[in-house]
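> Next up is a structure, given as structure tokens.
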Amino acid sequence: MSSIEDERPSKRARQACEPCRRKKSRCPGEKPICSYCERLGQQCVYSSTEIAEQGLGHSNKMEERISGIEGRLEQLMEYITRSAPNQLSSPAAIQPHSPQIAVLPPTESHSTDNELSGASDVELYLTYCNAQPLLLFPLRTSPASLRTRDPELLLAIEALGARFRGQGVSDQTLQTSIKSKTERAAQMVMMRVASGTVELSTIQTLCLLSMLEFTAGNIVRAGSYTSLSTYFMRNLKINGLESISNLETESDERKLCYIGILMLQNFQGSLQPPDTAGHADLLAETGGISSPLGSTLFGKDNARGNNGDSKPDIGINGSSVYTSELWAMACKYAACHVGVDSHPPWSPYSDYTMINFRHCEHESFMPLRFRLHASRFQDHPSSSLKARRDYWSPWLSFQLVWHAVPCLVNHPFLLSMRLRNFRRTMPQSFLRNSFEQLTFHSGWVSHFLELIEMKNFEVSDPIIGHCVAIVATIYLQHSFIEDQDFHRKAQTGFEKCLRFLRNMGNRWPHIDRQAHQLQQLRDSVSPGGLMTDNIPSGGSNSRQKWSVNLQLLWNILVYPRASNTSDPNSDIFGPKLAKDSVGFLADTPPGAITDRDFALIGSAGISGHKTVALECVTYPPEQTEDPMQAPSQTSPSMEFAGLPGDPHMEPGGADALFLQLQDYGRAFEDWLSLNPT
């Protein structure tokens with residue numbers, strides 16, 4: 001006898017035979033013998049309970065459930081096929097306990113201010129993030145090849161690239177999407193670690209997650225991702241690292257990831273609480289920053305030109321490795337807790353001296369073709385610059401970091417901390433050199449901001465944002481100087497920096513916070529009475545004294561502090577530990593600097609410090625007819641044009657923001673309360 005099941009084939013057998021049930025095999029359901037048992041030559045026996053006895057209602061419910069499941073599977077397959085065709089083959093996608101991936105609608109195309117309107121998040125990542133600053137993928141990587149990567153890596157790439165869509169993080173909907181993708185990528189990475197299936201894509205994802213979290217203000221979480229990726233990479237054998245010479249042609253992603261982690265550590269500054277004893281001894285012993293990943297990749301002798309031969313051209317991205325080392329030293333200098341027995345800045349054993357040495361050394365081995373006068377950034381059309389972002393974005397980072405480091409090292413607030421316990425007279429040569437470094441390099445940073453604005457070039461490297469914030473604090477200090485011309489130029493420079501940071505803050509949340517902090521710092525400056533300085537002739541001179549929020553100033557100068565949300569509940573700790581979280585932060589500036597120690601607002605550089613001798617002469621004598629009798633006064637700041645800048649480029653216009661010595665020569669002596677002769 002044939003039953004209903006024999007007359008109408010179905011997608012799924014309503015009753016399995018006993019052998020198929022025991023083996024958990026899919027039973028075809030033919031009766032009296034199913035084709036599976038017939039093929040294996042085994043006895044086929046059905047249970048005495050027939051489907052008809054179970055009731056028609058139960059059968060209908062089963063069909064509805066199966067139909068619903070099939071429909072959802074079709075939706076999932078359609079989404080996976082559209083976004084990443086090979087996701088189903090990746091280990092993370094088939095983990096039995098992997099976090100569920102919700103079925104999402106296609107990504108909406110947002111209007112954007114840049115020229116890639118309608119581009120996918122993967123394309124935006126390759127345009128604005130790869131090699132800016134981390135080169136994790138070869139420069140000629142196509143968007144199609146990235147879409148085939150493991151799902152956690154693809155999610156992290158999309159989360160970072162999405163920041164360059166439309167209005168960026170100012171769009172709340174987009175911000176929510178970025179946060180969701182970041183969290184899902186992190187969950188998948190942790191499942192990889194737990195299941196023992198870590199691949200290169202896992203380490204690459206950790207690097208991107210560290211960037212995402214650090215710039216979102218979650219400093220402790222970012223540090224954990226950086227440390228984990230470092231640990232994994234140190235336990236891998238990677239051949240050929242010693243032979244890397246030019247990263248522009250490197251195709252081995254394991255090598256790129258290794259170098260990317262090194263740069264990630266350097267560019268994020270010190271993610272550990274600084275030692276109270278400082279780090280000058282460490283710098284003196286190691287000769288510079290010490291990477292947990294090992295020695296410098298290109299070989300110190302070859303890269304630094306110490307062997308007497310011509311310097312190898314390691315490419316702009318290879319050069320960025322050394323730029324990141326210099327930046328890391330400057331970040332540790334800013335965050336250092338200076339001890340009472342610390343050396344004065346001009347000591348050969350001080351961290352100040354060591355960083356200045358490395359700054360000059362960095363320039364000495366940098367290929368000449370990266371200099372401004374050779375690259376001629378200002379002469380290229382905007383379209384040409386945008387077509388080669390993979391070169392020009394790292395090039396701008398190199399220029400701005402190189403100029404920002406002396407601004408940070410010579411920052412009056414940081415020098416004040418190192419001179420708190422100094423009881424003798426500050427050397428006049430140091431005072432003048434520090435001031436010239438401030439004005440010269442801050443002027444070049446301002447000049448590059450003008451070029452970037454003129455070329456309509458969107459800068460995407462977040463390190464540049466902090467470089468500009470450092471310079472903005474110097475302009476803010478100088479904008480309260482009584483000399484009207486100097487005051488006007490400094491005030492214009494501060495506004496220019498603030499405008500640049502606000503634009504960049506649309507892409508990076510921590511830069512948006514820096515812009516707000518700078519405005520708060522400006523609002524915190526308030527008059528604090530008159531300061532009376534004695535004049536050697538027996539008279540006196542009074543000038544306005546200003547106070548400022550020192551805690552906020554230090555937060556801006558120290559990179560991890562500037563990036564932090566200051567809300568431990570939004571970082572990595574749960575509610576029981578969040579209340580005790582300190583992370584990188586301390587409650588007060590190192591050494592408990594007070595307003596009495598830092599009464600420099602309205603002073604030129606460190607000239608308002610209490611150890612400055614009032615009798616010092618700060619400008620060269622007038623030019624005489626005999627050039628051997630006195631030094632020339634023409635363009636003294638141009639004499640220091642060691643640069644990545646152009647030594648022959650003159651600032652244009654009367655309103656140029658180069659705060660050169662010829663702009664205020666004698667006025668500088670007025671700030672030291674001396675009567676001009």
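In the structure tokens, chains take letters A, B, ... by order of appearance, with residues numbered from 1 within each chain and ligands from 1 in the order shown.
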Can you list, as a list in words, every protein, DNA or RNA residue that comes within 7 Å of segment 377-393 of chain A when you count only C-alpha atoms, leaving out same-chain residues fewer than 2 positions away?
Ala131, Gln132, Ile316, Leu372, Ser375, Trp395, Leu396, Ser397, Leu451, Lys455, Asn456, Phe457 and Val459 of chain A
> Residues near Gly315 of chain A, anyone? I mean within 10 Å using only C-alpha atoms, not counting same-chain ones fewer than 6 positions away, as a count of residues only.
10
> Find the nearest atom pair between each residue of segment 366-479 of chain A and segment 488-504 of chain A for residues within 12 Å, count only C-alpha atoms, give distances in Å to one decimal, sort rows by chain and ascending number, and present the table as a Markdown table.

```
| residue | atom | partner | partner_atom | distance |
| --- | --- | --- | --- | --- |
| A:Thr439 | CA | A:Ala490 | CA | 10.1 |
| A:Ser442 | CA | A:Gly493 | CA | 9.1 |
| A:Gly443 | CA | A:Gly493 | CA | 8.7 |
| A:Trp444 | CA | A:Gly493 | CA | 11.2 |
| A:Val445 | CA | A:Cys497 | CA | 9.3 |
| A:Ser446 | CA | A:Gly493 | CA | 6.8 |
| A:His447 | CA | A:Gly493 | CA | 9.9 |
| A:Phe448 | CA | A:Cys497 | CA | 10.9 |
| A:Leu449 | CA | A:Phe500 | CA | 7.6 |
| A:Glu450 | CA | A:Lys496 | CA | 8.7 |
| A:Leu451 | CA | A:Phe500 | CA | 11.9 |
| A:Ile452 | CA | A:Phe500 | CA | 9.6 |
| A:Glu453 | CA | A:Phe500 | CA | 8.6 |
| A:Asn456 | CA | A:Phe500 | CA | 11.8 |
| A:Phe457 | CA | A:Met504 | CA | 11.4 |
| A:Glu458 | CA | A:Met504 | CA | 8.2 |
| A:Val459 | CA | A:Met504 | CA | 7.5 |
| A:Ser460 | CA | A:Met504 | CA | 7.6 |
| A:Asp461 | CA | A:Met504 | CA | 9.4 |
| A:Pro462 | CA | A:Met504 | CA | 8.2 |
| A:Ile463 | CA | A:Met504 | CA | 10.9 |
| A:Ile464 | CA | A:Leu501 | CA | 9.3 |
| A:Gly465 | CA | A:Leu501 | CA | 6.2 |
| A:His466 | CA | A:Leu501 | CA | 8.7 |
| A:Cys467 | CA | A:Cys497 | CA | 9.8 |
| A:Val468 | CA | A:Cys497 | CA | 6.0 |
| A:Ala469 | CA | A:Cys497 | CA | 6.9 |
| A:Ile470 | CA | A:Cys497 | CA | 9.4 |
| A:Val471 | CA | A:Cys497 | CA | 7.7 |
| A:Ala472 | CA | A:Phe494 | CA | 5.0 |
| A:Thr473 | CA | A:Phe494 | CA | 7.6 |
| A:Ile474 | CA | A:Phe494 | CA | 8.3 |
| A:Tyr475 | CA | A:Ala490 | CA | 4.8 |
| A:Leu476 | CA | A:Phe494 | CA | 6.0 |
| A:Gln477 | CA | A:Ala490 | CA | 8.3 |
| A:His478 | CA | A:Ala490 | CA | 5.8 |
| A:Ser479 | CA | A:Ala490 | CA | 4.8 |
```
> For a quick check of understanding, using only C-alpha atoms, which of A:Asp150, A:Cys407, A:Gly166, A:Gly318 has the smallest distance to Arg192 of chain A?
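Once distances to Arg192 of chain A are computed over only C-alpha atoms, the minimum belongs to A:Asp150.
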> Return the single residue from A:Thr176, A:Ser342, A:Asn235, A:Ser607 that is closest to Leu431 of chain A, with distances computed using only C-alpha atoms.
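Among the listed residues, A:Ser607 lies closest to Leu431 of chain A.
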> Expressed in Å to a single decimal, how great is the separation between atom CA of Arg147 of chain A and atom CA of Ser120 of chain A?
10.6 Å
> Would you give me, as a PyMOL selection string, the residues in segment 297-416 of chain A that DSSP reads as alpha helix (DSSP H)?
chain A and resi 300-303+315-335+351-365+372-375+382-387+389-409+412-416
> Let me make sure I understand: among A:Ala404, A:Met211, A:Ile606, A:Leu126, which one has the smallest atom-to-atom distance to Gly161 of chain A if we use only C-alpha atoms?
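That would be A:Leu126, the residue with the smallest distance to Gly161 of chain A.
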> Kindly indicate which residue among A:Asp351, A:Asp485, A:Glu213, A:Asp523 lies nearest to Cys331 of chain A, using only C-alpha atoms for the distances.
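Between A:Asp351, A:Asp485, A:Glu213, A:Asp523, the residue approaching Cys331 of chain A most closely is A:Asp351.
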> Choose the residue, out of A:Ser547, A:Gln265, A:Asn564, A:Ser350, that has the smallest atom-to-atom separation from Pro509 of chain A; count only C-alpha atoms.
A:Asn564
